[in-house]
Structures are given as structure tokens and as C-alpha cells.
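Enquirer: The file below is protein.txt, compact mmCIF, C-alpha atoms and all ligand atoms:
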```txt
# COMPACT_ATOMS: atom_id res chain seq x y z
CA MET A 1 151.14 63.34 64.06
CA ARG A 2 148.11 63.93 61.83
CA VAL A 3 148.82 63.29 58.17
CA GLU A 4 146.28 62.95 55.35
CA ALA A 5 146.90 60.22 52.79
CA ARG A 6 145.34 61.79 49.69
CA PRO A 7 144.46 65.31 48.52
CA SER A 8 140.76 64.39 48.69
CA ASP A 9 141.15 63.72 52.42
CA LEU A 10 141.52 67.48 52.80
CA VAL A 11 137.96 68.09 51.57
CA GLY A 12 135.37 69.26 54.11
CA GLY A 13 135.59 70.48 57.68
CA THR A 14 135.91 74.14 56.72
CA PRO A 15 136.27 76.68 59.55
CA LEU A 16 134.04 79.60 60.52
CA ILE A 17 135.42 83.13 60.64
CA ASP A 18 134.01 86.05 62.60
CA LEU A 19 132.81 88.78 60.22
CA SER A 20 130.81 90.69 62.86
CA SER A 21 133.00 93.78 62.47
CA LEU A 22 131.15 94.37 59.18
CA VAL A 23 127.79 94.60 60.96
CA PRO A 24 127.04 98.16 62.17
CA ASN A 25 127.19 98.34 65.99
CA HIS A 26 127.81 94.57 66.05
CA ASN A 27 124.02 94.24 66.06
CA ALA A 28 124.32 90.52 65.34
CA THR A 29 127.12 87.98 65.09
CA LEU A 30 128.06 87.17 61.50
CA LEU A 31 130.17 84.09 60.78
CA GLY A 32 131.57 83.13 57.37
CA LYS A 33 131.87 79.44 56.52
CA MET A 34 135.14 79.29 54.62
CA GLU A 35 134.46 76.99 51.71
CA SER A 36 137.15 79.06 50.01
CA LEU A 37 139.71 77.09 52.04
CA GLU A 38 138.94 73.74 50.41
CA PRO A 39 141.91 72.13 48.60
CA CYS A 40 140.79 73.48 45.22
CA SER A 41 139.36 76.64 46.76
CA SER A 42 135.61 76.32 46.36
CA VAL A 43 132.29 75.19 47.75
CA LYS A 44 132.17 72.50 45.02
CA ASP A 45 135.13 70.37 46.19
CA ARG A 46 132.76 68.36 48.37
CA LEU A 47 130.51 67.69 45.41
CA GLY A 48 133.33 66.50 43.16
CA LYS A 49 134.51 64.13 45.84
CA SER A 50 131.09 62.76 46.73
CA MET A 51 130.08 62.24 43.08
CA ILE A 52 133.20 60.21 42.36
CA ASP A 53 133.07 58.36 45.70
CA GLN A 54 129.48 57.38 44.95
CA ALA A 55 130.23 56.27 41.38
CA GLU A 56 133.13 54.16 42.69
CA LYS A 57 130.92 52.64 45.35
CA ASP A 58 128.35 51.78 42.67
CA GLY A 59 131.11 50.08 40.67
CA LEU A 60 130.76 52.47 37.75
CA LEU A 61 134.40 53.54 37.47
CA ILE A 62 137.53 51.68 36.41
CA PRO A 63 140.79 53.54 37.14
CA GLY A 64 142.86 54.05 34.04
CA LYS A 65 139.83 53.31 31.81
CA SER A 66 136.76 55.34 32.80
CA VAL A 67 136.20 58.82 31.42
CA LEU A 68 134.24 61.42 33.39
CA VAL A 69 132.27 63.95 31.37
CA GLU A 70 130.54 66.88 33.02
CA ALA A 71 128.97 70.20 32.08
CA THR A 72 130.13 72.74 34.61
CA SER A 73 130.16 76.45 35.36
CA GLY A 74 133.71 76.01 36.56
CA ASN A 75 134.13 75.14 40.20
CA THR A 76 132.38 71.77 39.96
CA GLY A 77 134.62 70.90 37.04
CA ILE A 78 137.74 71.92 38.94
CA ALA A 79 136.66 69.69 41.83
CA LEU A 80 136.00 66.77 39.49
CA ALA A 81 139.29 67.25 37.65
CA PHE A 82 141.14 67.35 40.94
CA ILE A 83 139.63 64.10 42.27
CA ALA A 84 139.82 62.43 38.83
CA ARG A 85 143.55 63.17 38.73
CA GLU A 86 144.05 61.73 42.18
CA ARG A 87 142.15 58.54 41.31
CA GLY A 88 143.44 58.05 37.76
CA TYR A 89 140.38 58.86 35.62
CA ARG A 90 140.29 60.87 32.42
CA CYS A 91 138.05 63.94 32.82
CA ILE A 92 136.36 65.96 30.06
CA LEU A 93 134.61 69.19 31.03
CA THR A 94 132.35 71.37 28.97
CA MET A 95 132.11 74.92 30.26
CA PRO A 96 130.57 78.14 28.97
CA GLU A 97 132.91 80.43 27.14
CA THR A 98 132.03 83.29 29.49
CA MET A 99 133.68 81.74 32.56
CA SER A 100 136.98 83.15 33.75
CA VAL A 101 140.25 82.21 32.14
CA GLU A 102 141.57 81.26 35.58
CA ARG A 103 138.97 78.48 35.73
CA ARG A 104 140.05 77.14 32.36
CA MET A 105 143.68 77.28 33.44
CA MET A 106 142.88 75.38 36.64
CA LEU A 107 141.07 72.66 34.71
CA LEU A 108 143.82 72.29 32.16
CA ALA A 109 146.61 72.39 34.74
CA LEU A 110 144.84 69.62 36.65
CA GLY A 111 144.90 67.50 33.51
CA GLY A 112 141.24 68.05 32.61
CA GLU A 113 140.16 68.34 28.98
CA VAL A 114 138.07 71.44 28.31
CA VAL A 115 135.38 71.95 25.69
CA LEU A 116 133.99 75.49 25.57
CA THR A 117 130.25 75.89 24.93
CA PRO A 118 127.98 78.87 24.27
CA LYS A 119 126.80 80.06 27.68
CA GLU A 120 123.14 79.02 27.20
CA THR A 121 124.03 75.35 27.08
CA MET A 122 125.72 75.06 30.42
CA VAL A 123 123.13 75.51 33.06
CA HIS A 124 120.93 72.62 32.07
CA GLY A 125 123.77 70.14 31.98
CA ALA A 126 125.09 71.22 35.34
CA LEU A 127 121.66 71.19 36.93
CA ALA A 128 121.01 67.60 35.98
CA LYS A 129 123.14 66.83 39.03
CA ALA A 130 120.37 67.62 41.48
CA ASN A 131 120.71 64.51 43.61
CA GLU A 132 124.45 64.65 43.89
CA ILE A 133 124.27 68.28 44.89
CA LEU A 134 121.89 67.59 47.71
CA GLN A 135 124.11 64.76 48.80
CA GLU A 136 127.20 66.95 49.14
CA SER A 137 125.39 69.92 50.57
CA GLY A 138 124.05 67.75 53.35
CA GLU A 139 127.58 67.71 54.72
CA LYS A 140 127.69 71.47 55.17
CA GLY A 141 124.53 71.37 57.26
CA PRO A 142 125.95 69.11 60.00
CA GLU A 143 129.18 71.11 60.10
CA THR A 144 127.36 74.43 60.35
CA TRP A 145 125.15 73.09 63.13
CA ARG A 146 128.04 71.49 65.03
CA ASP A 147 130.43 74.44 64.74
CA THR A 148 127.87 76.95 66.00
CA ASP A 149 126.95 74.57 68.86
CA GLY A 150 123.44 74.65 67.48
CA THR A 151 123.09 78.38 68.11
CA ILE A 152 122.61 79.46 64.48
CA ASP A 153 119.53 81.67 63.84
CA ILE A 154 120.11 82.82 60.26
CA PHE A 155 121.68 81.11 57.24
CA VAL A 156 122.71 83.04 54.14
CA ALA A 157 123.89 81.49 50.85
CA GLY A 158 124.00 82.38 47.18
CA VAL A 159 122.06 80.37 44.62
CA GLY A 160 123.92 78.81 41.71
CA THR A 161 122.47 75.33 41.49
CA GLY A 162 120.70 75.99 44.79
CA GLY A 163 122.38 72.91 46.28
CA THR A 164 124.05 74.69 49.17
CA VAL A 165 121.09 76.74 50.37
CA THR A 166 118.68 73.82 49.95
CA GLY A 167 120.94 71.17 51.48
CA VAL A 168 121.92 73.15 54.58
CA SER A 169 118.39 74.43 55.19
CA GLN A 170 116.90 70.97 54.77
CA TYR A 171 119.33 69.54 57.27
CA ILE A 172 118.71 72.19 59.93
CA LYS A 173 115.00 72.83 59.34
CA GLY A 174 114.34 69.14 58.98
CA CYS A 175 112.85 67.24 56.10
CA THR A 176 112.40 63.72 54.87
CA GLU A 177 115.75 63.69 53.03
CA PHE A 178 117.56 63.25 56.32
CA ASP A 179 116.97 60.59 58.86
CA CYS A 180 116.66 62.76 61.95
CA PRO A 181 114.13 65.05 63.65
CA PRO A 182 114.26 68.73 62.68
CA LEU A 183 117.08 70.45 64.53
CA MET A 184 115.61 73.93 64.26
CA PRO A 185 112.55 74.46 62.06
CA GLU A 186 112.64 78.22 62.74
CA LEU A 187 116.04 78.75 61.08
CA TYR A 188 115.76 81.90 58.93
CA THR A 189 117.08 81.04 55.47
CA VAL A 190 118.20 83.83 53.15
CA ALA A 191 119.00 83.16 49.48
CA VAL A 192 121.10 85.65 47.54
CA GLU A 193 120.76 86.43 43.83
CA PRO A 194 122.05 89.19 41.54
CA GLN A 195 119.82 92.27 41.44
CA GLU A 196 120.22 92.25 37.66
CA GLN A 197 118.64 88.79 37.48
CA MET A 198 115.92 88.50 40.09
CA LEU A 199 114.38 85.22 38.98
CA ILE A 200 114.01 83.64 42.41
CA THR A 201 112.46 86.80 43.80
CA GLU A 202 110.01 86.71 40.90
CA ALA A 203 109.27 83.02 41.41
CA ARG A 204 108.31 83.82 45.01
CA GLY A 205 105.93 86.54 43.83
CA GLY A 206 108.26 89.48 44.52
CA THR A 207 109.02 92.46 42.31
CA LYS A 208 112.18 92.95 40.29
CA ILE A 209 114.22 96.09 40.99
CA GLY A 210 115.81 98.03 38.13
CA PRO A 211 117.04 96.80 34.75
CA GLN A 212 117.43 93.05 34.31
CA GLY A 213 120.21 91.49 32.27
CA PRO A 214 123.77 90.24 32.54
CA HIS A 215 125.57 90.41 35.87
CA ARG A 216 129.14 89.99 37.11
CA ILE A 217 128.71 87.57 40.03
CA GLN A 218 130.20 84.29 38.86
CA GLY A 219 128.72 81.23 40.51
CA ILE A 220 125.25 82.61 41.26
CA GLY A 221 122.39 83.87 39.07
CA ALA A 222 122.48 81.08 36.49
CA GLY A 223 119.65 82.59 34.43
CA LEU A 224 116.88 80.27 35.60
CA VAL A 225 115.28 79.05 38.79
CA PRO A 226 117.26 75.86 39.41
CA GLU A 227 115.23 72.71 39.85
CA VAL A 228 117.13 71.62 42.94
CA LEU A 229 116.31 74.86 44.77
CA ASP A 230 113.48 74.25 47.24
CA ILE A 231 111.79 77.64 47.26
CA ASP A 232 109.58 76.67 50.21
CA LEU A 233 112.67 76.51 52.43
CA LEU A 234 113.53 80.16 51.75
CA ASP A 235 112.37 82.82 54.21
CA GLU A 236 113.75 85.66 52.13
CA VAL A 237 115.62 86.40 48.93
CA VAL A 238 118.05 89.32 48.98
CA ALA A 239 119.04 90.74 45.61
CA VAL A 240 122.51 92.30 45.44
CA HIS A 241 123.74 94.39 42.53
CA SER A 242 127.07 93.32 40.97
CA SER A 243 128.63 96.67 41.88
CA LYS A 244 127.69 96.19 45.57
CA ALA A 245 129.02 92.65 45.47
CA GLU A 246 132.30 93.87 44.01
CA GLU A 247 132.57 96.62 46.62
CA MET A 248 132.11 94.13 49.46
CA THR A 249 134.50 91.63 47.86
CA LEU A 250 137.25 94.25 47.77
CA LYS A 251 136.44 95.17 51.38
CA LEU A 252 136.92 91.53 52.35
CA TRP A 253 140.28 91.52 50.57
CA MET A 254 141.24 94.63 52.56
CA MET A 255 140.40 92.73 55.74
CA GLY A 256 142.93 90.09 54.64
CA LEU A 257 140.28 87.74 53.30
CA PRO A 258 140.67 87.07 49.56
CA THR A 259 137.35 85.80 48.22
CA GLY A 260 135.45 85.57 44.97
CA VAL A 261 132.70 87.96 44.00
CA SER A 262 129.80 85.70 45.01
CA SER A 263 131.23 85.83 48.56
CA GLY A 264 130.99 89.62 48.38
CA ALA A 265 127.34 89.37 47.32
CA ILE A 266 126.53 86.91 50.09
CA VAL A 267 128.33 88.92 52.80
CA GLU A 268 126.64 92.13 51.59
CA ALA A 269 123.24 90.44 51.92
CA ALA A 270 124.16 88.94 55.30
CA VAL A 271 125.26 92.33 56.66
CA GLN A 272 121.95 93.87 55.53
CA VAL A 273 119.98 91.16 57.32
CA CYS A 274 122.18 91.28 60.44
CA SER A 275 121.74 95.07 60.72
CA ARG A 276 118.00 94.89 61.30
CA PRO A 277 116.74 95.68 64.82
CA GLU A 278 114.77 92.42 64.96
CA ASN A 279 118.01 90.49 64.50
CA LYS A 280 119.77 92.03 67.50
CA ASP A 281 122.12 89.50 69.14
CA LYS A 282 121.23 86.78 66.63
CA ILE A 283 123.84 84.50 65.10
CA ALA A 284 124.12 84.31 61.32
CA VAL A 285 126.26 82.01 59.20
CA CYS A 286 126.99 82.90 55.60
CA ILE A 287 128.80 80.82 52.99
CA ILE A 288 132.10 82.07 51.56
CA PRO A 289 132.04 79.94 48.39
CA SER A 290 135.40 80.57 46.77
CA PHE A 291 138.93 81.91 47.10
CA GLY A 292 139.78 85.23 45.47
CA GLU A 293 142.87 84.49 43.44
CA ARG A 294 140.73 82.80 40.78
CA TYR A 295 139.18 86.16 39.83
CA PHE A 296 142.01 88.46 38.80
CA THR A 297 140.58 88.90 35.32
CA HIS A 298 137.28 90.09 36.81
CA PRO A 299 136.68 93.79 36.09
CA MET A 300 136.69 94.55 39.83
CA PHE A 301 140.47 94.16 39.70
CA ALA A 302 140.94 96.76 36.96
CA GLN A 303 142.61 99.16 39.43
CA THR A 304 144.87 96.46 40.81
CA LYS A 305 145.86 95.65 37.24
CA THR A 306 146.71 99.29 36.55
CA LYS A 307 148.87 99.40 39.69
CA ALA A 308 150.64 96.18 38.72
CA GLU A 309 151.30 97.59 35.24
CA ALA A 310 152.75 100.79 36.73
CA LEU A 311 155.01 98.69 38.90
CA THR A 312 156.34 96.52 36.10
CA LYS A 313 156.19 99.34 33.52
CA GLN A 314 154.58 97.02 31.02
CA PRO A 315 151.00 96.13 30.14
CA LEU A 316 149.52 92.94 31.51
CA PRO A 317 147.51 90.81 29.10
CA GLU A 318 144.00 92.10 28.40
CA PRO A 319 141.46 90.63 30.80
CA PHE A 320 139.41 87.83 29.39
CA ASP A 321 135.79 88.85 29.03
CA ASN A 322 134.11 87.07 31.90
CA THR A 323 131.61 89.69 32.85
CA GLU A 324 128.45 87.64 32.33
N1 LIG A 401 129.57 80.86 44.42
C1 LIG A 401 130.44 80.22 43.60
C2 LIG A 401 131.76 80.86 43.31
C3 LIG A 401 130.09 78.99 43.03
O1 LIG A 401 130.93 78.36 42.19
C4 LIG A 401 128.82 78.43 43.32
C5 LIG A 401 128.44 77.13 42.67
N2 LIG A 401 128.05 77.33 41.32
C6 LIG A 401 127.94 79.13 44.17
C7 LIG A 401 128.38 80.34 44.71
C8 LIG A 401 126.54 78.64 44.47
O2 LIG A 401 126.45 77.39 45.12
P1 LIG A 401 125.29 76.38 44.76
O3 LIG A 401 125.54 75.87 43.36
O4 LIG A 401 125.40 75.29 45.78
O5 LIG A 401 123.98 77.10 44.82
```
Show me this structure written as C-alpha cells.

Expert:
Amino acid sequence: MRVEARPSDLVGGTPLIDLSSLVPNHNATLLGKMESLEPCSSVKDRLGKSMIDQAEKDGLLIPGKSVLVEATSGNTGIALAFIARERGYRCILTMPETMSVERRMMLLALGGEVVLTPKETMVHGALAKANEILQESGEKGPETWRDTDGTIDIFVAGVGTGGTVTGVSQYIKGCTEFDCPPLMPELYTVAVEPQEQMLITEARGGTKIGPQGPHRIQGIGAGLVPEVLDIDLLDEVVAVHSSKAEEMTLKLWMMGLPTGVSSGAIVEAAVQVCSRPENKDKIAVCIIPSFGERYFTHPMFAQTKTKAEALTKQPLPEPFDNTE
């Protein structure tokens, strides 16, 4: 019998799924790392757990007394609220008003206290967590390496805080943060950002494509080049338009894989990279950061909403504006 004692024991150890059928002619193998299957459905559950574990280890928290306060774009807050509830801490989260109503509902239902902020104020607060982010992302590196039996050639991740892409690449390519020799310095790291906000591309000396402005890919494209992102570890940045990301997200749903829209952007980029002749027979791992049910108020579900309304013969509530 294998039984976990606490909800937080379920964090980590996410599986890989074969997405190679999306790659034309199966030119390369594409695997999705299912962070969407974490207990609270996102890539940030590990971070919430490791931040609280660390603070407890450092003697900073007293159950029943300590209050956690965090600025969050949503998923980090949900992870913190979830662990705080388990361990008996009060948790106050400030989040930008543009984030989806499902995220607010999750936070509140988990007993978190939510303070909405204008969107400009969020990024800086959330990015102050650089060290913690690297700490949690380091866990995804070992898992990715172990579960591909060290055969990974290409790694693809979206950039929100940059923690995931930096942490995994550092672990596999090798750097001073980790106490081991480089596993594979030639790993090809691909970062994904919205085409409407090509700040990382620009920071690497590339050219922006098309109009720049708001985008609809929650979780990536935070509106600045995050401090924790180590640009030198990136071999390429692929920019994906929100409409392409939405198209791929809905395709994933139709494969029986409900994901969020950043997963669609990341898979779209990964498929592009995997389709190139020079990547024939290579093995790519891409991150699937979040589960899809948290996104029903996203405009990509407008058609689904219309169908649901036809079925029930009554209008559903207006979607909350979470397009930015
Ligand atoms: N997708 C989603 C849905 C996210 O919540 C996040 C985290 N903000 C990311 C992608 C990007 O991950 P990271 O912050 O590690 O760059």
C-alpha cells in the first residue's frame, strides 16, 4: 500500500506524455512534462511547497500565528494558499486585477485572502522571489533528466518568472548553482514568449515581429525581462502569437489533454523546433505548466460557452476580462 500523509506529499514527480503525433512525420520525439497534474494543477506547486518548507526550516513560521503575504500572478499564490492551509498559516495574496476569475476563486476557496492590484504592480513583487524560484525549478531538472534516461536533446519552456527555463537548463547544462558536473552542456534550450511582447527576443538582439502590446497567454510574457532569467542559457527564443497558442491549446483539449493557454504556446513552439530537418530523431521535452479547467473564462472558450448556453437555454455569466 502506498499512501501519502499530506496533500503536499503529492507535489512533484510529474509524468511525461508522448506528444510526437503533433510533429509532422514524427520527425522528432516530443514529450510533455505534465506539471498540470500537480495537486493544485500548475508548475508553481513545487515553488509554494519549497518556499514554505524552507521558511519552516529557517524557523520563520509559527503555525496558527504566522501570516504569509505574497504578490502573485496566480498560480504561485494558489500553491502558497494550498500549502498554507495544510500547515495552518494565514495567507494574504495580492494579484493583478487582470488575472482570471478562476484563479481568484481557487485562492478564496483555499482560504486565501485576496487583494487585487493594478496589473503593473504585480510583476516586481513576484519576481523578488528569484532564489526560491531557482530552488524549486532545480527539482524539475533532475526529474526531466532521469525520466528521459538522459537522452534529452531539446528543452522548451515558457518564460513567466524564467524560473523553470533557467532552473532546468542550469541543472542539465551545468553551472555553479548545482554541486555536480554538467550532465549535458549541449542541451538546446528554447524559451517561449508571446509574439505580441517580444522582450526576451529583443534583449538577445533579435527583431520584434508585428504589433507589440497586450497578449492572451496567462503565465508568460510578464512585460519585462525577468531578473531570474539567465539569457546566456538560452539557445533560441520562439515567439508565439496568442491566436496560435489558443489554436494549439484547443487541439490539445481535442487530444484529451486539457491544458492552459501557455501550454499551447509552448507546444506550438516545440512542434516548430521538432519539425526542423536538423532535429530529426532528436528528443525534446516541453513543459505543460497548467491544467485547462482554470481557463474557462478565457476568450478561447467563447464557442464552448455558446454551446453550453444553447444546451441549457440560458446565458452563462459574462466572462471576466482576463485577456491581458
Ligand atoms: N505558464 C503558467 C500557466 C504559469 O503560471 C507560469 C508561471 N508564472 C509559467 C507558464 C512560467 O513559468 P516560470 O515562471 O517558471 O517562467

Enquirer: Which residues are near ligand LIG 401 (chain A) - at most 9 Å, using all atoms listed in the file? Format: as a PyMOL selection string.

Expert: chain A and resi 36+42-44+72-76+127+133-134+137+157-167+217-222+226+228-229+259-263+266+287-291

Enquirer: Take atom CA of Tyr188 of chain A and atom CA of Glu202 of chain A and report the distance between them in Å, one decimal.

Expert: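 Between these atoms lies a distance of 19.5 Å.
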
Enquirer: So how far away is atom CA of Arg294 of chain A from atom CA of Ala310 of chain A, in Å?

Expert: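 One can read the atom CA of Ala310 of chain A to atom CA of Arg294 of chain A distance as 22.0 Å.
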
Enquirer: Distance atom CA of Ser20 of chain A-atom CA of Asp235 of chain A, one decimal place?

Expert: 21.8 Å

Enquirer: Once you count only C-alpha atoms, what closest atom pair and distance in Å to one decimal does each residue of segment 131-217 of chain A within 10 Å of segment 237-242 of chain A have, with rows by chain and rising residue number, as a Markdown table?

Expert:
```
| residue | atom | partner | partner_atom | distance |
| --- | --- | --- | --- | --- |
| A:Val156 | CA | A:Val238 | CA | 9.4 |
| A:Ala157 | CA | A:Val237 | CA | 9.8 |
| A:Gly158 | CA | A:Val238 | CA | 9.3 |
| A:Val159 | CA | A:Val237 | CA | 9.8 |
| A:Thr189 | CA | A:Val237 | CA | 8.6 |
| A:Val190 | CA | A:Val237 | CA | 5.6 |
| A:Ala191 | CA | A:Val237 | CA | 4.7 |
| A:Val192 | CA | A:Val238 | CA | 5.0 |
| A:Glu193 | CA | A:Ala239 | CA | 5.0 |
| A:Pro194 | CA | A:Val240 | CA | 5.0 |
| A:Gln195 | CA | A:Ala239 | CA | 4.5 |
| A:Glu196 | CA | A:His241 | CA | 6.4 |
| A:Gln197 | CA | A:Ala239 | CA | 8.4 |
| A:Met198 | CA | A:Ala239 | CA | 6.7 |
| A:Leu199 | CA | A:Ala239 | CA | 9.8 |
| A:Ile200 | CA | A:Val237 | CA | 7.3 |
| A:Thr201 | CA | A:Val237 | CA | 6.0 |
| A:Glu202 | CA | A:Val237 | CA | 9.8 |
| A:Arg204 | CA | A:Val237 | CA | 8.7 |
| A:Gly206 | CA | A:Val237 | CA | 9.1 |
| A:Lys208 | CA | A:Ala239 | CA | 9.0 |
| A:Ile209 | CA | A:Ala239 | CA | 8.6 |
| A:Gly210 | CA | A:His241 | CA | 9.8 |
| A:Pro214 | CA | A:Ser242 | CA | 9.6 |
| A:His215 | CA | A:Ser242 | CA | 6.1 |
| A:Arg216 | CA | A:Ser242 | CA | 5.5 |
| A:Ile217 | CA | A:Ser242 | CA | 6.1 |
```

Enquirer: Using only C-alpha atoms, can you tell me which of A:Tyr89, A:Phe155, A:Phe301, A:Trp145 comes closest to Lys282 of chain A?

Expert: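 Once distances to Lys282 of chain A are computed over only C-alpha atoms, the minimum belongs to A:Phe155.
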
Enquirer: Place a sphere of radius 9 Å on (143.2, 83.5, 50.3) in the file coordinates and name every protein, DNA or RNA residue with an atom inside or on its surface, counting only C-alpha atoms; give the answer as a PyMOL selection string.

Expert: chain A and resi 36-37+41+253+256-259+291-293

Enquirer: Around (127.0, 85.3, 64.1), as given in the file, which residues come within 9 Å? Count all atoms listed in the file and list them as number ranges by chain.

Expert: A: 18-20, 28-32, 148, 151-154, 274, 281-286

Enquirer: As a list in words, please: the residues near Asp9 of chain A (cut-off 10 Å, all atoms listed in the file, same-chain neighbours under 4 positions excluded).

Expert: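 So the residues in contact are Val3, Glu4, Ala5, Pro39 and Lys49 of chain A.
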
Enquirer: Output C-alpha atoms for every residue in the selection just made, as a CSV table (one decimal), in the frame of the given file.

Expert:
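Full text of part-v5.csv as output:
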```csv
chain,number,residue,atom,x,y,z
A,3,VAL,CA,148.8,63.3,58.2
A,4,GLU,CA,146.3,63.0,55.4
A,5,ALA,CA,146.9,60.2,52.8
A,39,PRO,CA,141.9,72.1,48.6
A,49,LYS,CA,134.5,64.1,45.8
```

Enquirer: What lies within 8 Å of Val271 of chain A using all atoms listed in the file, ignoring chain neighbours under 3 positions off, as a PDB file with C-alpha atoms, keeping the file's coordinate frame?

Expert:
```
ATOM      1  CA  LEU A  22     131.150  94.370  59.180  1.00  0.00           C
ATOM      2  CA  VAL A  23     127.790  94.600  60.960  1.00  0.00           C
ATOM      3  CA  LEU A  30     128.060  87.170  61.500  1.00  0.00           C
ATOM      4  CA  VAL A 267     128.330  88.920  52.800  1.00  0.00           C
ATOM      5  CA  GLU A 268     126.640  92.130  51.590  1.00  0.00           C
ATOM      6  CA  CYS A 274     122.180  91.280  60.440  1.00  0.00           C
ATOM      7  CA  SER A 275     121.740  95.070  60.720  1.00  0.00           C
TER       8      SER A 275
END
```
